[in-house]
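Accompanying notes for the structure given below.
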Amino acid sequence: MLQIALGLLALSAFAGFLALCLEAADAYFADYGECRVNINRGEKELVAEGGGNLLSVLTDQRIFIPSACGGRGSCGLCKIKVLEGAGPLLPTETPYLDPEEIANNVRLSCQVKLRNDVKIEIPPELFLIKEYKVRVAGIRDLTPDTKEFRFQLLDPGAISFKAGQYLQVNIPEYEGCDEPVYRAYSIASPESKPEEVTLVVTKVPEGIATTYLHDLLEEGSEITLNGPYGDFYLGESDRDVFMIATGSGLAPIMSLLYKIADEGIQRKTTVIFGDRTRNDLFYIEELEELGQRIPSLEIITTLSRPVEEDRWNGRKGRVTDVLKDRLESGENTEVYVCGNPAMVEAVEKLALESGVPRDRIFYDKYA
Ligand SMILES: Cc1cc2nc3c(=O)[nH]c(=O)nc-3n(C[C@H](O)[C@H](O)[C@H](O)COP(=O)(O)OP(=O)(O)OC[C@H]3O[C@@H](n4cnc5c(N)ncnc54)[C@H](O)[C@@H]3O)c2cc1C
Ligand code: FES
């Protein structure tokens, strides 16, 4: 029995080694020459050197596809349709594609290598996404691991976006990051201030982008952003709104609340903002000010693990505990939820159980 197990182990190690060798040989020796990328049935065509992945080929041509993981196949955002020339579906793609998407030739563009001519289809609105040169106008500590970054737009000098959308930050090469990467960050500032954008970034230990932003980026430095992306924005209706956030998931909620205040939108709005301890909460004053400006707004902050020095007399428990108490019926309700994937999934489940239809639950998972 032990011999069989050892044999299998050796065989899979050998197969893994072989796959690595093939990958390395492909990277160093394969020459695919120039390949044509036909976009949206001939609307646009570009020629690129084969060998790279479709996501970077398109990015090099200033066609920006949403991506939050920098092409590592772990965010599932970079979906496009590849009608011809993609090669077989890879195991790295299948977790992010449902059967309907697979049947419709949807692929993760970061996983599809350009080895020959391809025909692809991308949503026309992605052609509108622009790159913005920005200067860091201010950096502020919000909590021990979360900073606020204010960027002044230089070129172009203003951005048009919908409150709730996100941008991609281009992280340049630095020691520990040997090629530029892109990461997604939600806009926290109001639509009504298009010449400046604010992002809220929580440090991830060893994280490529957050290490750069927290430890290396300085006031006055210039970087590039692109966007805006996403469909996490306020729909036109008069339904009641529940907005739920943990940690930096509060960023797009702030932008949505500024919109509600600026435009005098009269929808009953409940914000549930939670984290572990008092030290993890931020934008409390800003939320109070918004509370003054929006008569129909109720803000509930909750701590899941308050410590003694917090002297916390407010609500205790998770955001889902508060939502369970407050969400009586889903009939006339929209839910906007943002933060870590486990919390977003728990809120989605709860909202569905309470009768909120799936198409009235909007979310961004910060994976
Ligand atoms: C639509 C969208 C909007 C987003 N908006 C924001 C935002 O406004 N503010 C914000 O701070 N983040 C936001 N994120 C997350 C952000 O894009 C990055 O994933 C995050 O900052 C980590 O990047 P990194 O390069 O530092 O870490 P990476 O180098 O990508 O990751 C390093 C390691 O940490 C793990 N990891 C990655 N993210 C997390 C995490 N959040 N918690 C714990 N472990 C993690 C990875 O699996 C990996 O093992 C958003 C994500 C999406 C998809
Ligand atoms: S860019 Fe994240 S999966 Fe492709």
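So you can find residues: chains in the structure tokens are A, B, ... in the order shown, residues in each start at 1, and ligands are numbered from 1 in order.
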TODO: Throw together the list of residues within 7 Å of ligand 2, counting only C-alpha atoms and all ligand atoms, and drop it here as a PyMOL selection string.
DONE: chain A and resi 67-78+108-111
Writing out the chosen residues with N, CA and C atoms as a PDB file, in the first residue's frame:
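Below you can see result-v8.pdb, which holds the result:
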```pdb
ATOM      1  N   SER A  67      -9.614  43.791 -13.799  1.00  0.00           N
ATOM      2  CA  SER A  67      -8.792  42.736 -13.190  1.00  0.00           C
ATOM      3  C   SER A  67      -8.371  43.239 -11.812  1.00  0.00           C
ATOM      4  N   ALA A  68      -8.428  42.352 -10.842  1.00  0.00           N
ATOM      5  CA  ALA A  68      -8.040  42.796  -9.493  1.00  0.00           C
ATOM      6  C   ALA A  68      -6.859  42.020  -8.964  1.00  0.00           C
ATOM      7  N   CYS A  69      -6.501  40.902  -9.649  1.00  0.00           N
ATOM      8  CA  CYS A  69      -5.441  40.062  -9.080  1.00  0.00           C
ATOM      9  C   CYS A  69      -4.158  40.160  -9.882  1.00  0.00           C
ATOM     10  N   GLY A  70      -4.147  41.064 -10.869  1.00  0.00           N
ATOM     11  CA  GLY A  70      -2.924  41.244 -11.644  1.00  0.00           C
ATOM     12  C   GLY A  70      -2.649  40.076 -12.577  1.00  0.00           C
ATOM     13  N   GLY A  71      -3.706  39.363 -12.993  1.00  0.00           N
ATOM     14  CA  GLY A  71      -3.515  38.302 -13.990  1.00  0.00           C
ATOM     15  C   GLY A  71      -3.114  36.962 -13.402  1.00  0.00           C
ATOM     16  N   ARG A  72      -3.334  36.775 -12.081  1.00  0.00           N
ATOM     17  CA  ARG A  72      -2.930  35.500 -11.481  1.00  0.00           C
ATOM     18  C   ARG A  72      -4.045  34.461 -11.497  1.00  0.00           C
ATOM     19  N   GLY A  73      -5.174  34.801 -12.122  1.00  0.00           N
ATOM     20  CA  GLY A  73      -6.269  33.840 -12.197  1.00  0.00           C
ATOM     21  C   GLY A  73      -6.971  33.647 -10.871  1.00  0.00           C
ATOM     22  N   SER A  74      -6.966  34.674 -10.004  1.00  0.00           N
ATOM     23  CA  SER A  74      -7.605  34.464  -8.704  1.00  0.00           C
ATOM     24  C   SER A  74      -8.725  35.452  -8.397  1.00  0.00           C
ATOM     25  N   CYS A  75      -9.083  36.323  -9.363  1.00  0.00           N
ATOM     26  CA  CYS A  75     -10.202  37.233  -9.072  1.00  0.00           C
ATOM     27  C   CYS A  75     -11.415  36.956  -9.974  1.00  0.00           C
ATOM     28  N   GLY A  76     -11.186  36.378 -11.132  1.00  0.00           N
ATOM     29  CA  GLY A  76     -12.288  36.041 -12.038  1.00  0.00           C
ATOM     30  C   GLY A  76     -12.944  37.241 -12.697  1.00  0.00           C
ATOM     31  N   LEU A  77     -12.300  38.411 -12.653  1.00  0.00           N
ATOM     32  CA  LEU A  77     -12.941  39.610 -13.199  1.00  0.00           C
ATOM     33  C   LEU A  77     -12.664  39.828 -14.690  1.00  0.00           C
ATOM     34  N   CYS A  78     -11.635  39.186 -15.224  1.00  0.00           N
ATOM     35  CA  CYS A  78     -11.142  39.563 -16.563  1.00  0.00           C
ATOM     36  C   CYS A  78     -11.819  38.793 -17.687  1.00  0.00           C
ATOM     37  N   LEU A 108     -11.236  33.561 -19.145  1.00  0.00           N
ATOM     38  CA  LEU A 108     -10.477  34.539 -18.353  1.00  0.00           C
ATOM     39  C   LEU A 108      -9.334  35.032 -19.237  1.00  0.00           C
ATOM     40  N   SER A 109      -9.360  36.312 -19.575  1.00  0.00           N
ATOM     41  CA  SER A 109      -8.386  36.802 -20.557  1.00  0.00           C
ATOM     42  C   SER A 109      -6.951  36.691 -20.059  1.00  0.00           C
ATOM     43  N   CYS A 110      -6.760  36.649 -18.731  1.00  0.00           N
ATOM     44  CA  CYS A 110      -5.377  36.550 -18.227  1.00  0.00           C
ATOM     45  C   CYS A 110      -4.836  35.132 -18.371  1.00  0.00           C
ATOM     46  N   GLN A 111      -5.719  34.160 -18.625  1.00  0.00           N
ATOM     47  CA  GLN A 111      -5.272  32.771 -18.716  1.00  0.00           C
ATOM     48  C   GLN A 111      -5.124  32.287 -20.159  1.00  0.00           C
TER      49      GLN A 111
END
```
Open item on the list: Which residues are near ligand 1 - at most 6 Å, using only C-alpha atoms and all ligand atoms? Format: as a ChimeraX atom specification.
Closed with: /A:68-69,166,183-186,200-202,204,206-211,248,251,364-367
Filtering to N, CA and C atoms, could you give me those residues as a short mmCIF file (atom, residue, chain, number, x, y, z; two decimals), in the first residue's frame?
```cif
data_model
loop_
_atom_site.label_atom_id
_atom_site.label_comp_id
_atom_site.auth_asym_id
_atom_site.auth_seq_id
_atom_site.Cartn_x
_atom_site.Cartn_y
_atom_site.Cartn_z
N ALA A 68 -8.43 42.35 -10.84
CA ALA A 68 -8.04 42.80 -9.49
C ALA A 68 -6.86 42.02 -8.96
N CYS A 69 -6.50 40.90 -9.65
CA CYS A 69 -5.44 40.06 -9.08
C CYS A 69 -4.16 40.16 -9.88
N TYR A 166 -15.29 51.34 -9.20
CA TYR A 166 -13.90 51.23 -8.75
C TYR A 166 -12.91 51.56 -9.86
N ARG A 183 -4.35 46.61 -9.43
CA ARG A 183 -5.27 46.16 -8.37
C ARG A 183 -6.46 47.11 -8.33
N ALA A 184 -7.63 46.55 -7.95
CA ALA A 184 -8.87 47.32 -7.93
C ALA A 184 -9.09 48.01 -6.58
N TYR A 185 -9.49 49.28 -6.60
CA TYR A 185 -9.86 50.00 -5.37
C TYR A 185 -11.09 50.85 -5.64
N SER A 186 -12.07 50.75 -4.75
CA SER A 186 -13.32 51.48 -4.92
C SER A 186 -13.12 52.97 -4.65
N VAL A 200 -9.50 54.10 -0.35
CA VAL A 200 -9.23 53.64 1.02
C VAL A 200 -8.59 52.26 0.90
N VAL A 201 -7.38 52.11 1.43
CA VAL A 201 -6.64 50.87 1.19
C VAL A 201 -6.23 50.23 2.51
N THR A 202 -6.65 48.97 2.68
CA THR A 202 -6.26 48.22 3.88
C THR A 202 -5.03 47.38 3.56
N VAL A 204 -2.54 44.48 3.33
CA VAL A 204 -2.56 43.01 3.38
C VAL A 204 -1.12 42.57 3.63
N GLU A 206 2.33 41.23 3.29
CA GLU A 206 3.07 40.77 2.10
C GLU A 206 2.35 41.12 0.79
N GLY A 207 1.31 41.88 0.84
CA GLY A 207 0.55 42.21 -0.38
C GLY A 207 1.37 43.11 -1.30
N ILE A 208 1.35 42.80 -2.58
CA ILE A 208 2.18 43.54 -3.54
C ILE A 208 1.74 45.00 -3.62
N ALA A 209 0.44 45.21 -3.87
CA ALA A 209 -0.04 46.58 -4.08
C ALA A 209 -0.11 47.36 -2.77
N THR A 210 -0.61 46.70 -1.72
CA THR A 210 -0.82 47.45 -0.48
C THR A 210 0.52 47.80 0.18
N THR A 211 1.55 46.96 -0.01
CA THR A 211 2.87 47.29 0.53
C THR A 211 3.39 48.54 -0.18
N SER A 248 -12.55 48.26 4.62
CA SER A 248 -12.49 49.23 3.52
C SER A 248 -13.67 49.10 2.57
N ALA A 251 -15.72 52.17 1.60
CA ALA A 251 -15.33 53.19 0.62
C ALA A 251 -16.45 53.50 -0.41
N ASP A 364 -19.63 44.09 -4.27
CA ASP A 364 -18.25 43.95 -4.72
C ASP A 364 -17.54 43.14 -3.67
N LYS A 365 -16.95 42.03 -4.10
CA LYS A 365 -16.18 41.20 -3.17
C LYS A 365 -14.73 41.60 -3.30
N TYR A 366 -14.12 41.97 -2.16
CA TYR A 366 -12.72 42.40 -2.20
C TYR A 366 -11.79 41.19 -2.14
N ALA A 367 -11.85 40.35 -3.17
CA ALA A 367 -11.01 39.15 -3.18
C ALA A 367 -9.60 39.51 -3.60
#
```
How close does each residue of range 142-242 of chain A get to range 271-287 of chain A, giving the shortest atom pair and distance in Å to one decimal for every residue with an atom at most 9 Å away, counting only C-alpha atoms, sorted by chain and residue number, as a Markdown table?
```
| residue | atom | partner | partner_atom | distance |
| --- | --- | --- | --- | --- |
| A:Leu142 | CA | A:Phe282 | CA | 5.8 |
| A:Thr143 | CA | A:Asp280 | CA | 5.6 |
| A:Pro144 | CA | A:Asp280 | CA | 7.5 |
| A:Asp145 | CA | A:Asp280 | CA | 8.2 |
| A:Thr146 | CA | A:Asp280 | CA | 8.4 |
| A:Val241 | CA | A:Val271 | CA | 8.4 |
| A:Phe242 | CA | A:Val271 | CA | 6.0 |
```
Task: Who sits within 8 Å of Tyr132 in chain A, only C-alpha atoms, same chain under 6 positions skipped, as a PyMOL selection string - done: chain A and resi 153-156+224-226
Task: Among the residues A:Glu131, A:Glu195, A:Asp310, A:Glu179, the one that comes closest to Ser160 in chain A [using only C-alpha atoms] - done: A:Glu195
